[in-house]
Amino acid sequence: QVQLVESGGGSVQAGGSLRLSCAASRLTYSRYCMAWFRQAPGKEREGVAFIDSASRGTTYYADSVKGRFTISSDNAASTLYLQMNSLKPEDTAMYYCAATGLIGLPLCDRYTYKYWGQGTQVTVSS
């Protein structure tokens with residue numbers, strides 16, 4: 001069973017930075033997608049950033065975070081990261097790491113994700 005464990009959430013003032021990590025275990029696909037989603041209270045879950053497992057993984061970002069967030073992965077360490085800069089109060093949400101197998105083109109923003117972490121809270125105050 002794949003396990004995903006997020007860490008790095010916390011409280012920060014607007015304009016600050018946080019780095020989220022997601023430790024993956026038993027991810028045995030030869031190719032896979034990983035992503036960060038977020039969900040704020042009363043809002044739908046939103047895909048924030050996506051990456052595939054290639055050595056130079058193709059990345060995709062939600063328009064709301066482009067230029068501020070960077071997704072990356074250390075495949076050797078089976079760890080996914082999300083560097084979040086210039087944080088805004090509207091970035092406040094529970095952030096989830098997700099993973100799924102990849103077949104064909106690395107269009108990771110279009111996949112339905114099979115495995116999810118438990119989430120880590122990010123709170124940005126104004």
# chains A, B, ... in the order shown; residues from 1 in each chain; ligands from 1
>>> closest_atom_pairs(of="segment 26-66 of chain A", to="segment 120-123 of chain A", cutoff="10 Å", atoms="only C-alpha atoms", output="JSON lines")
{"residue": "A:Arg38", "atom": "CA", "partner": "A:Gln121", "partner_atom": "CA", "distance": 9.2}
{"residue": "A:Gln39", "atom": "CA", "partner": "A:Gln121", "partner_atom": "CA", "distance": 9.6}
{"residue": "A:Ala40", "atom": "CA", "partner": "A:Gln121", "partner_atom": "CA", "distance": 9.6}
>>> write_last_selection(atoms="C-alpha atoms", output="mmCIF file, in the first residue's frame")
data_model
loop_
_atom_site.group_PDB
_atom_site.id
_atom_site.type_symbol
_atom_site.label_atom_id
_atom_site.label_comp_id
_atom_site.auth_asym_id
_atom_site.auth_seq_id
_atom_site.Cartn_x
_atom_site.Cartn_y
_atom_site.Cartn_z
ATOM 1 C CA ARG A 38 -5.373 22.111 -1.439
ATOM 2 C CA GLN A 39 -8.768 22.612 0.075
ATOM 3 C CA ALA A 40 -9.941 25.604 2.053
#
>>> select_by_dssp(residues="segment 4-99 of chain A", states="strand (DSSP E)", output="number ranges by chain")
A: 4-7, 10-13, 18-25, 32-39, 46-52, 59-61, 69-74, 79-84, 93-99
>>> closest_residue(among="A:Thr59, A:Gln1, A:Ser25, A:Ser7", to="Pro106 of chain A", atoms="only C-alpha atoms")
A:Thr59
>>> closest_atom_pairs(of="segment 4-60 of chain A", to="segment 72-95 of chain A", cutoff="6 Å", atoms="only C-alpha atoms", output="tab-separated table")
residue	atom	partner	partner_atom	distance
A:Ala14	CA	A:Lys88	CA	5.0
A:Gly15	CA	A:Ser86	CA	4.2
A:Gly16	CA	A:Leu87	CA	5.5
A:Ser17	CA	A:Asn85	CA	4.4
A:Leu18	CA	A:Met84	CA	5.2
A:Arg19	CA	A:Gln83	CA	4.5
A:Leu20	CA	A:Leu82	CA	5.0
A:Ser21	CA	A:Tyr81	CA	4.5
A:Cys22	CA	A:Leu80	CA	4.9
A:Ala23	CA	A:Thr79	CA	4.6
A:Ala24	CA	A:Ser78	CA	5.3
A:Phe37	CA	A:Tyr95	CA	5.7
A:Arg38	CA	A:Tyr95	CA	4.3
A:Gln39	CA	A:Ala93	CA	5.2
A:Ala40	CA	A:Ala93	CA	4.2
>>> write_last_selection(atoms="N, CA, C and O atoms", output="compact mmCIF listing (two decimals), in the first residue's frame")
# COMPACT_ATOMS: atom_id res chain seq x y z
N ALA A 14 1.61 37.05 5.48
CA ALA A 14 1.56 37.30 4.04
C ALA A 14 2.93 37.78 3.55
O ALA A 14 3.59 38.59 4.20
N GLY A 15 3.33 37.26 2.40
CA GLY A 15 4.63 37.58 1.85
C GLY A 15 5.72 36.60 2.25
O GLY A 15 6.82 36.62 1.68
N GLY A 16 5.42 35.75 3.21
CA GLY A 16 6.39 34.78 3.68
C GLY A 16 6.46 33.55 2.82
O GLY A 16 5.80 33.45 1.78
N SER A 17 7.27 32.59 3.26
CA SER A 17 7.50 31.36 2.51
C SER A 17 7.36 30.14 3.41
O SER A 17 7.60 30.21 4.62
N LEU A 18 6.99 29.04 2.80
CA LEU A 18 6.98 27.74 3.44
C LEU A 18 7.40 26.71 2.40
O LEU A 18 7.19 26.90 1.20
N ARG A 19 7.96 25.61 2.90
CA ARG A 19 8.31 24.49 2.04
C ARG A 19 7.63 23.25 2.58
O ARG A 19 7.92 22.82 3.70
N LEU A 20 6.76 22.66 1.77
CA LEU A 20 6.10 21.42 2.13
C LEU A 20 6.89 20.24 1.58
O LEU A 20 7.48 20.33 0.51
N SER A 21 6.88 19.15 2.33
CA SER A 21 7.51 17.92 1.89
C SER A 21 6.49 16.79 1.94
O SER A 21 5.57 16.81 2.77
N CYS A 22 6.69 15.81 1.09
CA CYS A 22 5.84 14.63 1.07
C CYS A 22 6.73 13.41 0.88
O CYS A 22 7.35 13.25 -0.17
N ALA A 23 6.80 12.58 1.91
CA ALA A 23 7.59 11.36 1.84
C ALA A 23 6.71 10.23 1.33
O ALA A 23 5.68 9.94 1.92
N ALA A 24 7.14 9.63 0.22
CA ALA A 24 6.38 8.54 -0.40
C ALA A 24 7.06 7.21 -0.12
O ALA A 24 8.28 7.10 -0.17
N PHE A 37 -2.46 19.21 -3.90
CA PHE A 37 -3.80 19.77 -3.94
C PHE A 37 -4.01 20.56 -2.65
O PHE A 37 -3.29 20.38 -1.66
N ARG A 38 -5.02 21.41 -2.67
CA ARG A 38 -5.37 22.11 -1.44
C ARG A 38 -6.88 22.28 -1.35
O ARG A 38 -7.58 22.27 -2.37
N GLN A 39 -7.34 22.40 -0.13
CA GLN A 39 -8.77 22.61 0.08
C GLN A 39 -8.96 23.54 1.27
O GLN A 39 -8.50 23.24 2.38
N ALA A 40 -9.60 24.65 1.01
CA ALA A 40 -9.94 25.60 2.05
C ALA A 40 -11.36 25.31 2.54
O ALA A 40 -12.17 24.74 1.80
>>> closest_residue(among="A:Phe50, A:Tyr111, A:Tyr60, A:Tyr96", to="Leu4 of chain A", atoms="only C-alpha atoms")
A:Tyr96
>>> residues_around(residues="Leu105 of chain A", least_positions_apart="4", cutoff="12 Å", atoms="only C-alpha atoms", output="list in words")
Arg31, Tyr32, Cys33, Asp52, Ser53, Ala54, Gly57, Thr58, Gly101, Asp109, Arg110 and Tyr111 of chain A
>>> write_last_selection(atoms="C-alpha atoms", output="PDB file, in the first residue's frame")
ATOM      1  CA  ARG A  31       6.260   6.014 -14.128  1.00  0.00           C
ATOM      2  CA  TYR A  32       3.998   8.120 -11.994  1.00  0.00           C
ATOM      3  CA  CYS A  33       2.526  11.519 -11.383  1.00  0.00           C
ATOM      4  CA  ASP A  52       5.825  13.469 -13.426  1.00  0.00           C
ATOM      5  CA  SER A  53       8.542  11.043 -12.417  1.00  0.00           C
ATOM      6  CA  ALA A  54      10.970  11.678 -15.279  1.00  0.00           C
ATOM      7  CA  GLY A  57       9.702  16.093 -14.726  1.00  0.00           C
ATOM      8  CA  THR A  58       7.130  18.083 -16.608  1.00  0.00           C
ATOM      9  CA  GLY A 101       0.509   5.713 -11.972  1.00  0.00           C
ATOM     10  CA  ASP A 109      -2.791  17.710 -14.336  1.00  0.00           C
ATOM     11  CA  ARG A 110      -5.432  15.570 -16.064  1.00  0.00           C
ATOM     12  CA  TYR A 111      -5.176  12.377 -14.034  1.00  0.00           C
TER      13      TYR A 111
END
>>> residues_around(residues="Met34 of chain A", least_positions_apart="4", cutoff="6 Å", atoms="only C-alpha atoms", output="VMD selection string")
chain A and resid 50 to 51 98 to 99
>>> closest_residue(among="A:Arg26, A:Lys43, A:Arg68, A:Arg56", to="Thr100 of chain A", atoms="only C-alpha atoms")
A:Arg26
>>> select_by_dssp(residues="chain A", states="helix (DSSP H, G or I)", output="list of chain:residue names")
A:Asn75, A:Ala76, A:Ala77, A:Pro89, A:Glu90, A:Asp91, A:Cys108, A:Asp109, A:Arg110
